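Shown next: upload_22.tsv, given as TSV, C-alpha atoms.
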chain	number	residue	atom	x	y	z
A	1	MET	CA	0.00	0.00	0.00
A	2	THR	CA	1.42	3.42	-0.95
A	3	THR	CA	1.56	6.38	1.39
A	4	LEU	CA	-1.32	7.91	-0.52
A	5	GLU	CA	-3.50	4.83	-0.15
A	6	GLN	CA	-2.73	4.58	3.55
A	7	SER	CA	-3.70	8.21	4.04
A	8	THR	CA	-6.92	7.80	2.13
A	9	ALA	CA	-7.88	4.70	4.09
A	10	GLY	CA	-7.30	6.52	7.37
A	11	GLY	CA	-9.36	9.53	6.37
A	12	ALA	CA	-6.34	11.85	6.38
A	13	PRO	CA	-5.55	14.37	3.62
A	14	LEU	CA	-4.65	12.94	0.23
A	15	ILE	CA	-1.34	14.76	0.05
A	16	PRO	CA	1.79	12.91	1.18
A	17	SER	CA	3.15	14.10	4.51
A	18	GLU	CA	5.98	16.54	4.75
A	19	PRO	CA	8.15	17.11	7.82
A	20	GLY	CA	6.98	20.04	9.90
A	21	ARG	CA	3.49	20.13	8.47
A	22	GLU	CA	0.27	18.80	9.99
A	23	THR	CA	-1.30	16.20	7.76
A	24	ALA	CA	-2.90	13.34	9.66
A	25	HIS	CA	-4.70	15.65	12.07
A	26	ASP	CA	-5.40	19.32	11.68
A	27	PRO	CA	-4.97	21.12	15.02
A	28	HIS	CA	-8.15	23.08	14.35
A	29	GLY	CA	-10.22	19.99	13.59
A	30	SER	CA	-10.84	21.17	10.05
A	31	HIS	CA	-9.51	20.06	6.69
A	32	THR	CA	-10.79	23.19	5.00
A	33	GLY	CA	-8.33	25.55	6.66
A	34	ILE	CA	-11.27	27.28	8.34
A	35	PRO	CA	-11.14	26.93	12.13
A	36	ASN	CA	-14.39	25.35	13.30
A	37	ALA	CA	-14.61	27.38	16.51
A	38	LYS	CA	-14.20	30.64	14.61
A	39	LEU	CA	-16.78	29.60	12.06
A	40	ALA	CA	-19.18	28.68	14.87
A	41	MET	CA	-18.68	32.09	16.47
A	42	TRP	CA	-19.45	33.86	13.19
A	43	LEU	CA	-22.58	31.76	12.81
A	44	PHE	CA	-23.62	32.69	16.33
A	45	LEU	CA	-22.97	36.38	15.67
A	46	SER	CA	-24.98	36.20	12.47
A	47	SER	CA	-27.93	34.74	14.37
A	48	ASP	CA	-27.43	37.30	17.15
A	49	CYS	CA	-27.99	40.05	14.55
A	50	LEU	CA	-31.52	38.72	14.14
A	51	PHE	CA	-31.91	38.40	17.91
A	52	PHE	CA	-31.03	42.04	18.55
A	53	GLY	CA	-32.92	43.13	15.45
A	54	ALA	CA	-36.11	41.75	17.00
A	55	PHE	CA	-35.71	43.85	20.14
A	56	ILE	CA	-34.70	47.00	18.26
A	57	ALA	CA	-37.75	46.61	16.01
A	58	THR	CA	-39.97	46.07	19.05
A	59	TYR	CA	-38.61	49.25	20.64
A	60	LEU	CA	-39.19	51.28	17.46
A	61	LEU	CA	-42.70	49.91	17.21
A	62	TYR	CA	-43.73	50.64	20.78
A	63	ARG	CA	-41.87	53.78	21.89
A	64	ASP	CA	-44.30	56.17	20.18
A	65	ARG	CA	-47.59	54.40	20.88
A	66	PRO	CA	-50.08	57.09	21.83
A	67	GLY	CA	-51.81	57.10	25.20
A	68	GLN	CA	-48.85	55.77	27.19
A	69	ALA	CA	-48.71	56.86	30.80
A	70	GLY	CA	-45.39	57.83	32.36
A	71	PRO	CA	-42.17	59.36	31.04
A	72	THR	CA	-41.30	59.50	27.34
A	73	PRO	CA	-37.81	59.12	25.81
A	74	GLN	CA	-37.41	62.93	25.75
A	75	ASP	CA	-38.09	63.05	29.50
A	76	VAL	CA	-35.45	60.56	30.57
A	77	TYR	CA	-32.60	60.36	28.06
A	78	ASN	CA	-29.30	61.94	29.08
A	79	ILE	CA	-27.42	62.09	25.77
A	80	PRO	CA	-24.12	63.54	27.10
A	81	PHE	CA	-23.85	60.80	29.71
A	82	THR	CA	-24.73	57.99	27.30
A	83	SER	CA	-22.28	59.44	24.75
A	84	VAL	CA	-19.44	59.08	27.24
A	85	THR	CA	-20.29	55.44	28.06
A	86	SER	CA	-20.68	54.70	24.34
A	87	PHE	CA	-17.26	56.20	23.68
A	88	ILE	CA	-15.77	54.02	26.44
A	89	LEU	CA	-17.27	50.87	24.91
A	90	LEU	CA	-16.00	51.92	21.48
A	91	MET	CA	-12.47	52.33	22.80
A	92	SER	CA	-12.67	48.92	24.48
A	93	SER	CA	-12.69	47.47	20.98
A	94	LEU	CA	-9.30	49.09	20.40
A	95	THR	CA	-7.83	47.61	23.58
A	96	MET	CA	-9.30	44.21	22.67
A	97	VAL	CA	-7.68	44.16	19.27
A	98	LEU	CA	-4.38	45.35	20.78
A	99	ALA	CA	-4.60	42.44	23.24
A	100	LEU	CA	-5.03	40.03	20.33
A	101	ALA	CA	-2.08	41.58	18.49
A	102	ALA	CA	0.04	41.24	21.65
A	103	VAL	CA	-0.74	37.55	22.19
A	104	GLN	CA	-0.15	36.82	18.50
A	105	ARG	CA	3.38	38.16	18.76
A	106	GLY	CA	3.95	36.43	22.12
A	107	ASP	CA	3.98	39.59	24.24
A	108	TYR	CA	2.05	38.18	27.21
A	109	ARG	CA	2.63	41.11	29.55
A	110	ARG	CA	1.00	43.57	27.14
A	111	PHE	CA	-1.71	41.01	26.41
A	112	ARG	CA	-2.66	40.97	30.09
A	113	VAL	CA	-2.61	44.77	30.27
A	114	TRP	CA	-4.85	45.22	27.23
A	115	ILE	CA	-7.28	42.41	28.07
A	116	MET	CA	-7.72	43.78	31.59
A	117	ALA	CA	-8.17	47.30	30.20
A	118	THR	CA	-10.90	45.93	27.91
A	119	ALA	CA	-12.65	44.26	30.83
A	120	LEU	CA	-12.42	47.46	32.88
A	121	PHE	CA	-13.83	49.55	30.03
A	122	GLY	CA	-16.67	47.04	29.78
A	123	ALA	CA	-17.25	47.23	33.53
A	124	THR	CA	-17.33	51.03	33.31
A	125	PHE	CA	-19.95	50.78	30.58
A	126	ILE	CA	-22.03	48.45	32.75
A	127	GLY	CA	-21.64	50.83	35.69
A	128	GLY	CA	-22.92	53.64	33.48
A	129	GLN	CA	-25.86	51.55	32.41
A	130	ILE	CA	-26.76	50.75	36.02
A	131	PHE	CA	-26.56	54.47	36.84
A	132	GLU	CA	-28.76	55.27	33.84
A	133	PHE	CA	-31.35	52.65	34.84
A	134	THR	CA	-31.38	54.01	38.39
A	135	GLU	CA	-31.94	57.56	37.11
A	136	PHE	CA	-34.78	56.40	34.88
A	137	THR	CA	-36.42	54.64	37.81
A	138	ARG	CA	-36.14	57.84	39.87
A	139	LYS	CA	-37.90	59.68	37.05
A	140	GLY	CA	-40.73	57.17	37.20
A	141	LEU	CA	-39.80	54.88	34.31
A	142	ASN	CA	-39.76	51.18	35.17
A	143	VAL	CA	-39.94	48.07	33.04
A	144	ASP	CA	-43.71	47.87	33.66
A	145	THR	CA	-44.52	51.59	33.45
A	146	ASN	CA	-45.38	51.65	29.76
A	147	LEU	CA	-44.48	50.05	26.42
A	148	PHE	CA	-41.54	52.41	25.97
A	149	GLY	CA	-40.14	51.38	29.37
A	150	SER	CA	-40.63	47.67	28.69
A	151	SER	CA	-39.00	47.70	25.27
A	152	PHE	CA	-36.17	50.03	26.36
A	153	PHE	CA	-35.18	48.11	29.49
A	154	ILE	CA	-35.37	44.73	27.76
A	155	LEU	CA	-33.29	45.83	24.76
A	156	THR	CA	-30.57	47.62	26.72
A	157	GLY	CA	-30.71	44.99	29.48
A	158	ILE	CA	-30.07	42.17	27.02
A	159	HIS	CA	-27.19	44.12	25.53
A	160	GLY	CA	-25.82	44.73	29.02
A	161	THR	CA	-26.06	41.00	29.72
A	162	HIS	CA	-23.99	40.36	26.60
A	163	VAL	CA	-21.39	42.84	27.84
A	164	LEU	CA	-21.36	41.16	31.26
A	165	ILE	CA	-20.76	37.74	29.67
A	166	GLY	CA	-17.95	39.30	27.64
A	167	ILE	CA	-16.34	40.73	30.78
A	168	VAL	CA	-16.41	37.31	32.47
A	169	TRP	CA	-14.85	35.78	29.35
A	170	LEU	CA	-12.07	38.43	29.23
A	171	VAL	CA	-11.28	38.08	32.92
A	172	ALA	CA	-11.12	34.30	32.46
A	173	LEU	CA	-8.58	34.76	29.64
A	174	TRP	CA	-6.61	37.15	31.84
A	175	GLY	CA	-6.63	34.57	34.65
A	176	LEU	CA	-5.45	31.83	32.29
A	177	SER	CA	-2.67	34.08	31.08
A	178	MET	CA	-1.61	34.78	34.66
A	179	GLN	CA	-1.25	31.02	35.08
A	180	SER	CA	0.78	30.87	31.85
A	181	ARG	CA	-1.98	28.83	30.22
A	182	ILE	CA	-2.37	31.14	27.22
A	183	SER	CA	0.37	30.95	24.63
A	184	GLN	CA	0.95	32.31	21.15
A	185	SER	CA	-0.58	29.15	19.70
A	186	ASP	CA	-3.79	29.83	21.66
A	187	SER	CA	-4.36	33.17	19.97
A	188	GLU	CA	-7.43	31.78	18.24
A	189	ARG	CA	-9.16	31.54	21.64
A	190	VAL	CA	-8.44	35.22	22.21
A	191	GLU	CA	-9.58	36.07	18.69
A	192	ILE	CA	-12.93	34.32	19.23
A	193	ALA	CA	-13.48	36.20	22.49
A	194	GLY	CA	-12.52	39.35	20.59
A	195	LEU	CA	-15.09	38.66	17.87
A	196	TYR	CA	-17.77	38.42	20.53
A	197	TRP	CA	-16.59	41.63	22.18
A	198	HIS	CA	-16.46	43.59	18.92
A	199	PHE	CA	-19.93	42.35	18.06
A	200	VAL	CA	-21.26	43.68	21.37
A	201	ASP	CA	-19.66	47.00	20.42
A	202	VAL	CA	-21.15	46.92	16.93
A	203	VAL	CA	-24.62	46.27	18.35
A	204	TRP	CA	-24.20	49.24	20.68
A	205	ILE	CA	-23.20	51.42	17.71
A	206	VAL	CA	-26.61	50.62	16.24
A	207	ILE	CA	-28.51	50.95	19.53
A	208	PHE	CA	-26.85	54.27	20.38
A	209	THR	CA	-27.76	55.80	17.03
A	210	VAL	CA	-31.23	54.32	16.57
A	211	ILE	CA	-32.46	54.51	20.17
A	212	TYR	CA	-30.75	57.60	21.54
A	213	LEU	CA	-29.72	59.90	18.69
A	214	LEU	CA	-32.34	59.67	15.96
A	215	PRO	CA	-34.96	62.43	16.17
A	216	LYS	CA	-37.91	61.35	18.31
B	1	MET	CA	6.19	7.36	-5.93
B	2	SER	CA	3.03	6.65	-7.86
B	3	ASP	CA	1.79	8.75	-10.78
B	4	THR	CA	-1.07	10.09	-8.67
B	5	GLU	CA	1.30	11.29	-6.01
B	6	THR	CA	3.62	12.84	-8.58
B	7	GLN	CA	0.70	14.75	-10.09
B	8	ALA	CA	-0.34	16.04	-6.70
B	9	LEU	CA	3.10	17.56	-6.18
B	10	GLN	CA	3.13	19.39	-9.54
B	11	PRO	CA	1.88	22.96	-9.88
B	12	SER	CA	-1.31	23.22	-11.85
B	13	PRO	CA	-0.99	24.65	-15.38
B	14	GLY	CA	-2.86	27.80	-14.41
B	15	SER	CA	-0.92	28.58	-11.26
B	16	ALA	CA	1.10	31.78	-11.09
B	17	PRO	CA	4.89	31.77	-11.36
B	18	GLU	CA	6.76	31.52	-8.08
B	19	GLY	CA	7.94	35.12	-8.19
B	20	GLN	CA	4.38	36.46	-8.24
B	21	ARG	CA	3.25	34.78	-5.03
B	22	GLY	CA	4.84	37.29	-2.71
B	23	GLY	CA	6.34	34.47	-0.67
B	24	LEU	CA	3.00	33.59	0.90
B	25	GLU	CA	2.47	30.15	-0.63
B	26	PRO	CA	4.01	26.86	0.48
B	27	ASP	CA	6.85	25.52	-1.68
B	28	LEU	CA	5.18	22.21	-2.41
B	29	PRO	CA	1.95	21.18	-4.08
B	30	GLN	CA	0.96	24.71	-5.13
B	31	GLY	CA	-1.69	23.62	-7.56
B	32	ASP	CA	-3.65	21.30	-5.30
B	33	LEU	CA	-6.79	22.95	-3.97
B	34	ALA	CA	-7.31	20.52	-1.10
B	35	TYR	CA	-3.77	21.02	0.12
B	36	ARG	CA	-3.96	24.79	-0.14
B	37	MET	CA	-7.26	24.87	1.76
B	38	SER	CA	-5.94	22.75	4.60
B	39	HIS	CA	-2.58	24.50	4.99
B	40	PRO	CA	-2.42	28.22	5.68
B	41	ALA	CA	0.38	30.12	4.01
B	42	PRO	CA	3.45	30.84	6.14
B	43	ASN	CA	3.03	33.72	8.64
B	44	LEU	CA	-0.77	33.54	8.36
B	45	LEU	CA	-3.13	32.10	10.94
B	46	PRO	CA	-5.78	29.55	9.94
B	47	GLY	CA	-8.72	31.32	8.34
B	48	GLU	CA	-6.69	34.32	7.15
B	49	ILE	CA	-5.94	35.30	3.59
B	50	ARG	CA	-3.84	38.32	4.57
B	51	ALA	CA	-1.94	39.21	7.72
B	52	HIS	CA	-3.76	41.23	10.38
B	53	PRO	CA	-3.11	45.00	10.46
B	54	ASP	CA	-0.37	46.54	12.60
B	55	PRO	CA	-1.30	47.97	16.02
B	56	TRP	CA	-0.85	51.55	14.80
B	57	GLN	CA	-3.41	50.92	12.08
B	58	TYR	CA	-5.88	49.86	14.79
B	59	VAL	CA	-5.18	53.12	16.61
B	60	VAL	CA	-5.88	55.12	13.44
B	61	VAL	CA	-9.19	53.28	12.99
B	62	ALA	CA	-10.10	53.98	16.63
B	63	VAL	CA	-9.36	57.70	16.18
B	64	VAL	CA	-11.59	57.77	13.09
B	65	LEU	CA	-14.34	56.01	15.08
B	66	ALA	CA	-14.01	58.55	17.89
B	67	VAL	CA	-14.23	61.47	15.46
B	68	ILE	CA	-17.31	60.01	13.75
B	69	THR	CA	-18.96	59.49	17.15
B	70	ALA	CA	-18.29	63.12	18.07
B	71	VAL	CA	-19.80	64.29	14.78
B	72	GLU	CA	-22.80	61.99	15.35
B	73	ILE	CA	-23.49	63.55	18.73
B	74	ALA	CA	-23.07	67.05	17.30
B	75	VAL	CA	-25.51	66.26	14.48
B	76	SER	CA	-28.07	64.94	16.98
B	77	TYR	CA	-28.02	68.37	18.68
B	78	THR	CA	-29.01	70.09	15.44
B	79	GLU	CA	-32.56	68.75	15.83
B	80	GLY	CA	-34.85	71.64	15.05
B	81	ASP	CA	-32.19	73.50	13.04
B	82	LEU	CA	-31.81	70.87	10.32
B	83	PRO	CA	-34.68	68.93	8.72
B	84	ASP	CA	-35.33	65.67	10.59
B	85	GLY	CA	-34.97	63.67	7.36
B	86	LEU	CA	-31.47	65.02	6.80
B	87	ILE	CA	-30.47	64.27	10.40
B	88	VAL	CA	-31.76	60.70	10.06
B	89	VAL	CA	-29.80	60.16	6.83
B	90	LEU	CA	-26.60	61.61	8.31
B	91	LEU	CA	-26.84	59.60	11.53
B	92	LEU	CA	-27.62	56.35	9.74
B	93	ALA	CA	-24.74	56.92	7.30
B	94	MET	CA	-22.29	57.51	10.14
B	95	MET	CA	-23.64	54.49	12.02
B	96	PHE	CA	-23.08	52.36	8.94
B	97	VAL	CA	-19.51	53.64	8.52
B	98	LYS	CA	-18.72	52.85	12.18
B	99	PHE	CA	-20.28	49.40	11.85
B	100	PHE	CA	-18.25	48.75	8.70
B	101	LEU	CA	-14.97	49.95	10.27
B	102	VAL	CA	-15.32	47.78	13.37
B	103	ALA	CA	-16.41	44.70	11.40
B	104	SER	CA	-13.77	44.99	8.69
B	105	TRP	CA	-10.75	46.13	10.74
B	106	PHE	CA	-11.28	45.02	14.34
B	107	MET	CA	-13.16	41.82	13.46
B	108	HIS	CA	-10.72	41.22	10.59
B	109	LEU	CA	-13.34	40.56	7.94
B	110	ARG	CA	-11.11	42.29	5.38
B	111	THR	CA	-8.20	39.95	6.03
B	112	ASP	CA	-10.00	36.68	6.83
B	113	LYS	CA	-11.43	34.16	4.43
B	114	PRO	CA	-14.61	35.36	2.66
B	115	VAL	CA	-16.74	32.61	4.21
B	116	PHE	CA	-16.80	34.51	7.54
B	117	ARG	CA	-17.85	37.69	5.77
B	118	ARG	CA	-20.63	35.85	3.95
B	119	PHE	CA	-22.04	34.40	7.15
B	120	PHE	CA	-22.01	37.73	8.94
B	121	ILE	CA	-23.41	39.73	6.03
B	122	THR	CA	-26.25	37.23	5.75
B	123	GLY	CA	-27.34	37.95	9.33
B	124	ALA	CA	-26.52	41.66	9.20
B	125	ILE	CA	-28.64	42.17	6.07
B	126	ALA	CA	-31.39	39.70	6.93
B	127	ALA	CA	-32.09	41.41	10.27
B	128	PRO	CA	-32.89	44.93	8.98
B	129	VAL	CA	-34.76	43.60	5.94
B	130	LEU	CA	-36.88	41.25	8.03
B	131	TYR	CA	-37.65	43.77	10.74
B	132	LEU	CA	-38.34	46.62	8.34
B	133	ILE	CA	-41.01	44.40	6.81
B	134	VAL	CA	-42.33	43.63	10.29
B	135	LEU	CA	-42.32	47.32	11.24
B	136	ALA	CA	-44.03	48.37	8.03
B	137	THR	CA	-46.69	45.71	8.55
B	138	LEU	CA	-47.33	46.11	12.27
B	139	HIS	CA	-47.10	49.90	12.32
B	140	GLY	CA	-50.22	50.05	10.20
B	141	VAL	CA	-51.96	47.32	12.16
B	142	LEU	CA	-51.29	48.96	15.53
B	143	ALA	CA	-52.26	52.41	14.24
B	144	SER	CA	-55.66	51.24	13.02
Could you express the structure from this file as C-alpha cells?
Amino acid sequence: MTTLEQSTAGGAPLIPSEPGRETAHDPHGSHTGIPNAKLAMWLFLSSDCLFFGAFIATYLLYRDRPGQAGPTPQDVYNIPFTSVTSFILLMSSLTMVLALAAVQRGDYRRFRVWIMATALFGATFIGGQIFEFTEFTRKGLNVDTNLFGSSFFILTGIHGTHVLIGIVWLVALWGLSMQSRISQSDSERVEIAGLYWHFVDVVWIVIFTVIYLLPK
Amino acid sequence: MSDTETQALQPSPGSAPEGQRGGLEPDLPQGDLAYRMSHPAPNLLPGEIRAHPDPWQYVVVAVVLAVITAVEIAVSYTEGDLPDGLIVVLLLAMMFVKFFLVASWFMHLRTDKPVFRRFFITGAIAAPVLYLIVLATLHGVLAS
C-alpha cells in the first residue's frame, strides 16, 4: 500500500506528509483551513444580529404608541452621559484588538494589560448603564410603566447581559494568562473572544444611534 | 512514488509563477486545492488570507471612530435646526460607517477568508430587511 493509499484509508488528507506540516490531524479539527470554533462564532454572531434586530424593532414599534402613561424618551434620556459610556465601549474594541495583536506576537505582559483594560472599560460601561437605569427609575420609568419602558429596558438589558458575559470571558482569559496557560498558539481563543466583544460593540453602535440619537 | 502522487506535487498549469506569489504560498503542491485549503500560508493564521493589520493601524481606525462618534453627537443636537430627514440620513450613514470599520478592521473581515464575511453579512442584512417588513406591517396594524 502506498503512502497515498494509507492516508486515504485513514481519512487523512490525500497529500503525502511533509516534515513540519500537519497532515494526519489538523490542530483546528478542520480540513478546510477554516477553524471550526471561529466559524461557529461567526454563525452565532450572524444569528445574534436577528436576535437584537427583533428587540430593536420592538422598541421602534412601541416607543411612540399614543396614550402611554409615564415618562417618554425625551423626559429621561441623558445624551451627554450615554455618549461618554458609548465612547468608552468603542475604545474597548481598540484595547481588545491590541490584546489580540500582543498575544499573536507572544507579548504576554501587554496582552494581560490590554485584556484587563478591555474588561475594565466594559465594567465602566455596565456601571454607566446601572446608573442610567437608576436615574430612569427615579424619574418614574420602570420596566412595567409603559411600552416604551418595557422595550427600552429589555433591549438595553439584554445588551448589558452580553457585555457582562464578555467581561467574564475576558477576565477568564486574563486569569489563564496569569497562570501561563495562554500561549501564542492559543491566539485563536483570544480572537474568538474578541469577535464576541467587537460584536457587542457593533450592536451598541446601532442601539446608540437608533435609540438615543435619531430624532424622536 | 506513484503517478497520482507525482501529479499532486506538480503545480497546476494555471498557477502563477513563483515570483508572483509574494512568498505567501508553500513551496510544495501549489496547484492542489485541497492542500492549499488545509494548509495556511506561512506567517498567516488559519482562516486568514492576509496578515492582520499593525497595532498603529488599529489606533488610526479607533481615532476615526471617535471622530465620527463626536460628529454623530453634534448632528443629533441640530434637531430643530436641520430637517429631521437630513439628520436621520446623516446619523444612519455615520452608524453604517462605524459598523463597517469595526467589522472589517477590528473583526478582521477584510483579512479573513470570505466565508466569515458571507455568514455575517447574511445575518446583518437579513435582520434589517426582516424587521423593516415587520415594522411596516405592524405599524399600520397597531395604528388602526
Residue with the minimum atom-to-atom distance to Phe208 in chain A, picked from A:Gln184, A:Asn78, A:Asn146, A:Thr118 with only C-alpha atoms counted, is A:Asn78
Define the interface residues of chain B facing chain A as those within 8 Å, counting all atoms listed in the file, and report them as a PyMOL selection string. chain B and resi 1-2+5+8+34-35+37-40+46-47+54-55+58-59+62+65-66+69+72-73+76+79+84+87-88+91-92+95+98-99+102-103+106-107+113+116+119-124+126-128+131-132+134-135+138-139
Convert the current residue selection to file output with C-alpha atoms, as an mmCIF file, keeping the file's coordinate frame.
data_model
loop_
_atom_site.group_PDB
_atom_site.id
_atom_site.type_symbol
_atom_site.label_atom_id
_atom_site.label_comp_id
_atom_site.auth_asym_id
_atom_site.auth_seq_id
_atom_site.Cartn_x
_atom_site.Cartn_y
_atom_site.Cartn_z
ATOM 1 C CA MET B 1 6.190 7.360 -5.930
ATOM 2 C CA SER B 2 3.030 6.650 -7.860
ATOM 3 C CA GLU B 5 1.300 11.290 -6.010
ATOM 4 C CA ALA B 8 -0.340 16.040 -6.700
ATOM 5 C CA ALA B 34 -7.310 20.520 -1.100
ATOM 6 C CA TYR B 35 -3.770 21.020 0.120
ATOM 7 C CA MET B 37 -7.260 24.870 1.760
ATOM 8 C CA SER B 38 -5.940 22.750 4.600
ATOM 9 C CA HIS B 39 -2.580 24.500 4.990
ATOM 10 C CA PRO B 40 -2.420 28.220 5.680
ATOM 11 C CA PRO B 46 -5.780 29.550 9.940
ATOM 12 C CA GLY B 47 -8.720 31.320 8.340
ATOM 13 C CA ASP B 54 -0.370 46.540 12.600
ATOM 14 C CA PRO B 55 -1.300 47.970 16.020
ATOM 15 C CA TYR B 58 -5.880 49.860 14.790
ATOM 16 C CA VAL B 59 -5.180 53.120 16.610
ATOM 17 C CA ALA B 62 -10.100 53.980 16.630
ATOM 18 C CA LEU B 65 -14.340 56.010 15.080
ATOM 19 C CA ALA B 66 -14.010 58.550 17.890
ATOM 20 C CA THR B 69 -18.960 59.490 17.150
ATOM 21 C CA GLU B 72 -22.800 61.990 15.350
ATOM 22 C CA ILE B 73 -23.490 63.550 18.730
ATOM 23 C CA SER B 76 -28.070 64.940 16.980
ATOM 24 C CA GLU B 79 -32.560 68.750 15.830
ATOM 25 C CA ASP B 84 -35.330 65.670 10.590
ATOM 26 C CA ILE B 87 -30.470 64.270 10.400
ATOM 27 C CA VAL B 88 -31.760 60.700 10.060
ATOM 28 C CA LEU B 91 -26.840 59.600 11.530
ATOM 29 C CA LEU B 92 -27.620 56.350 9.740
ATOM 30 C CA MET B 95 -23.640 54.490 12.020
ATOM 31 C CA LYS B 98 -18.720 52.850 12.180
ATOM 32 C CA PHE B 99 -20.280 49.400 11.850
ATOM 33 C CA VAL B 102 -15.320 47.780 13.370
ATOM 34 C CA ALA B 103 -16.410 44.700 11.400
ATOM 35 C CA PHE B 106 -11.280 45.020 14.340
ATOM 36 C CA MET B 107 -13.160 41.820 13.460
ATOM 37 C CA LYS B 113 -11.430 34.160 4.430
ATOM 38 C CA PHE B 116 -16.800 34.510 7.540
ATOM 39 C CA PHE B 119 -22.040 34.400 7.150
ATOM 40 C CA PHE B 120 -22.010 37.730 8.940
ATOM 41 C CA ILE B 121 -23.410 39.730 6.030
ATOM 42 C CA THR B 122 -26.250 37.230 5.750
ATOM 43 C CA GLY B 123 -27.340 37.950 9.330
ATOM 44 C CA ALA B 124 -26.520 41.660 9.200
ATOM 45 C CA ALA B 126 -31.390 39.700 6.930
ATOM 46 C CA ALA B 127 -32.090 41.410 10.270
ATOM 47 C CA PRO B 128 -32.890 44.930 8.980
ATOM 48 C CA TYR B 131 -37.650 43.770 10.740
ATOM 49 C CA LEU B 132 -38.340 46.620 8.340
ATOM 50 C CA VAL B 134 -42.330 43.630 10.290
ATOM 51 C CA LEU B 135 -42.320 47.320 11.240
ATOM 52 C CA LEU B 138 -47.330 46.110 12.270
ATOM 53 C CA HIS B 139 -47.100 49.900 12.320
#
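Distance-wise, CA of Pro83 in chain B and CA of Ser151 in chain A end up 27.3 Å apart.
Nearest-residue note for His159 in chain A: choosing from A:Ala193, A:Ala172, A:Val200, A:Leu147, the minimum distance belongs to A:Val200, counting only C-alpha atoms.
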Provide the CA of His108 in chain B to CA of Trp174 in chain A distance in Å, to one decimal place.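 Interatomic distance here is 22.0 Å.
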Using CA of Ile49 in chain B and CA of Asp107 in chain A as the two end points, give the distance in Å to one decimal.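 According to the coordinates, CA of Ile49 in chain B and CA of Asp107 in chain A are separated by 23.3 Å.
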Taking only C-alpha atoms into account, name the residue in B:Val97, B:Ala74, B:Leu109, B:Val64 that is nearest to His52 in chain B.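 Once distances to His52 in chain B are computed over only C-alpha atoms, the minimum belongs to B:Leu109.
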Can you tell me, as JSON, the centre and edge lengths (Å, one decimal) of the axis-aligned box enclosing all of range 137-146 of chain A's listed atoms after padding each side by 4 Å?
{"center_x": -40.8, "center_y": 53.8, "center_z": 34.8, "size_x": 17.2, "size_y": 19.8, "size_z": 18.1}
